[in-house]
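In what follows, a single structure is set out as structure tokens and then discussed.
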Amino acid sequence: MAKIVILGAGVMGSALAVTAASHAQNQVTLAGSPLDNDIIDCIHQQHFHPALKVDIAANIIGIKESDLTAQHLRDADIIVIGVSSPGVPWAVGKIRGGESTARCIAMVTKGLQASDQPGAPPLTYADALEKQLPREKLLGIGGPCIARELALGMPTFVTFSADDIALARDIRTHFQTDYYRVAVHPDFVAMEACAALKNFYCIGVSAMLGAWEIEGQHAKNPVAALFNQAVLEMDILARWIQQATDNNEAQLRRENWRNVAFDLPGMGDLHVTVGGGRNSRLGTLLGRGQTLKQIVEGPMSGVTVEGLDTGKQLLPGYKAAVENGSLQQNELPLTHAILNSIAHDSPFTFEFSRYSSG
């Protein structure tokens with residue numbers, strides 16, 4: 001049995017609550033953020049999640065942020081950070097204020113944080129949060145997972161990653177079901193990097209959905225070309241980010257494990273992200289010739305697009321790395337094209353005439 005507290009009652013946090021609560025021995029508390037009061041009210045009144053559009057089992061205890069106490073967090077065996085990236089400081093503050101003794105703090109939230117060291121690669125949450133939370137307790141959750149599909153019990157394969165692979169295997173036992181299958185991987189930083197970068201690359205791949213159409217439907221060839229390019233570049237950037245905090249122990253942990261960029265947290269997650277959602281929508285609008293300013297002030301006003309936030313955090317380190325030769329711009333044409341749109345608020349362009357492999 002595990003006492004599980006999930007911080008954030010949005011779609012992903014709530015979908016994980018549904019999955020965890022299917023283990024009858026688990027005690028699951030779904031704690032809403034300050035933005036989730038209407039969701040918690042709906043759960044209380046109707047046992048229904050208005051965004052997921054699924055029933056919420058009676059054994060999931062939904063509470064508002066105002067009712068979340070330090071005792072909830074002190075009693076928890078597992079705490080899940082299930083908010084979007086802007087909500088991470090709130091979640092971390094709650095965990096620290098509650099003086100949690102949980103054996104694991106799992107992160108669904110993905111993103112990068114620009115380094116405070118000039119020219120250094122951005123930090124993943126695995127590295128950024130270790131100054132505030134015990135690194136040995138941190139675990140990342142990544143992979144192709146549409147929240148509503150998970151909540152409906154559709155087959156879903158994801159990856160749990162931690163510095164301590166035994167921790168990942170232990171926590172897996174409290175979430176894995178017949179339909180929610182969990183692989184484990186020791187390459188924590190690279191997995192977190194890929195999980196964040198897939199949102200960023202989704203923007204460029206999805207631009208092809210808007211730029212190229214045939215008989216009223218998007219053309220497949222341009223999307224496939226940039227999907228492949230995105231995975232190749234994701235691998236390069238994940239290695240670059242990883243090397244900034246690498247050590248011999250981390251290298252030993254990775255031996256004989258598959259490269260995560262070509263696995264569930266990278267290629268797999270990119271596939272479902274391009275298939276729909278906020279990052280894909282923004283990319284599609286870029287492909288139709290709109291600029292980011294036009295999009296975020298118009299059809300996507302007030303919408304958090306994590307791939308855009310990731311790009312802004314990536315930009316300073318990327319520029320410095322190209323200038324000092326740590327990264328080769330000619331190997332990263334898609335990265336450069338997306339960042340160019342972000343830095344200069346210009347329409348997205350990708351010159352296929354310059355594209356080649358090998």
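Ligands are numbered from 1 in the order shown, chains are lettered A, B, ... in the order of the structure tokens, and residues start at 1 in each chain.
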Inset, instruction - Please run DSSP on the backbone and report, as a list in words, all residues within region 209-339 of chain A that come out as strand (DSSP E or B). - result: Glu213, Ile214, Gln217 and His218 of chain A
Using only N, CA and C atoms, please write the residues we just selected to a file, as a tab-separated table (two decimals), in the first residue's frame.
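See part-v3.tsv below for the written result:
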chain	number	residue	atom	x	y	z
A	213	GLU	N	-0.57	21.12	-47.63
A	213	GLU	CA	-1.83	20.39	-47.70
A	213	GLU	C	-2.04	19.84	-49.10
A	214	ILE	N	-2.78	18.75	-49.16
A	214	ILE	CA	-3.13	18.16	-50.45
A	214	ILE	C	-4.56	17.64	-50.34
A	217	GLN	N	-6.21	17.85	-46.91
A	217	GLN	CA	-5.58	17.19	-45.77
A	217	GLN	C	-4.09	17.51	-45.76
A	218	HIS	N	-3.49	17.43	-44.57
A	218	HIS	CA	-2.08	17.77	-44.52
A	218	HIS	C	-1.26	16.70	-45.25
Inset, instruction - Could you tell me, as a PyMOL selection string, which residues of region 17-263 of chain A DSSP assigns to helix (DSSP H, G or I) when given the backbone? - result: chain A and resi 17-21+37-46+65-67+70-75+85-97+125-131+135-137+147-151+165-172+188-211+220-243+248-254+260-262
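Going from CA of Thr291 (chain A) over to CA of His344 (chain A), you cover 9.3 Å.
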Inset, instruction - For region 340-343 of chain A, work out the shell of residues within 10 Å, counting only C-alpha atoms and skipping chain neighbours fewer than 5 positions away, then give it as a PyMOL selection string. - result: chain A and resi 204+286+291-293+308-309+311-312+315+334-335+348-349
Under the rule of at most 6 Å, produce a per-residue listing of region 65-128 of chain A near region 137-158 of chain A: chain, number, name, the closest pair of atoms, and the distance in Å, as a Markdown table, using only C-alpha atoms.
| residue | atom | partner | partner_atom | distance |
| --- | --- | --- | --- | --- |
| A:Cys104 | CA | A:Lys137 | CA | 4.6 |
| A:Ile105 | CA | A:Leu138 | CA | 5.0 |
| A:Ala106 | CA | A:Leu139 | CA | 4.6 |
| A:Met107 | CA | A:Gly140 | CA | 4.9 |
| A:Val108 | CA | A:Ile141 | CA | 5.3 |
Save the residues we just selected, N, CA and C atoms, as a short mmCIF file (atom, residue, chain, number, x, y, z; two decimals), in the first residue's frame?
data_model
loop_
_atom_site.label_atom_id
_atom_site.label_comp_id
_atom_site.auth_asym_id
_atom_site.auth_seq_id
_atom_site.Cartn_x
_atom_site.Cartn_y
_atom_site.Cartn_z
N CYS A 104 9.49 9.24 -2.35
CA CYS A 104 9.65 9.58 -3.76
C CYS A 104 8.85 10.84 -4.09
N ILE A 105 9.45 11.71 -4.90
CA ILE A 105 8.76 12.86 -5.47
C ILE A 105 8.83 12.69 -6.98
N ALA A 106 7.70 12.33 -7.57
CA ALA A 106 7.64 12.04 -9.01
C ALA A 106 7.20 13.27 -9.77
N MET A 107 7.76 13.46 -10.94
CA MET A 107 7.49 14.65 -11.75
C MET A 107 6.87 14.27 -13.08
N VAL A 108 5.64 14.73 -13.30
CA VAL A 108 5.02 14.63 -14.61
C VAL A 108 5.36 15.87 -15.43
#
Distance table requested - region 38-111 of chain A against region 130-135 of chain A, cut-off 10 Å, only C-alpha atoms: one row per qualifying residue with the closest atom pair and its distance in Å to one decimal, ordered by chain and rising residue number, as CSV.
residue,atom,partner,partner_atom,distance
A:Val92,CA,A:Gln132,CA,7.6
A:Gly93,CA,A:Gln132,CA,9.0
A:Ile95,CA,A:Leu133,CA,8.4
A:Arg96,CA,A:Leu133,CA,7.5
A:Ser100,CA,A:Leu133,CA,9.8
A:Arg103,CA,A:Pro134,CA,9.8
A:Cys104,CA,A:Pro134,CA,9.2
A:Ile105,CA,A:Leu133,CA,8.5
Inset, instruction - Name all residues at most 9 Å from Val296 (chain A) (count only C-alpha atoms; drop same-chain ones fewer than 6 positions away) and give them as number ranges by chain. - result: A: 282, 302-303
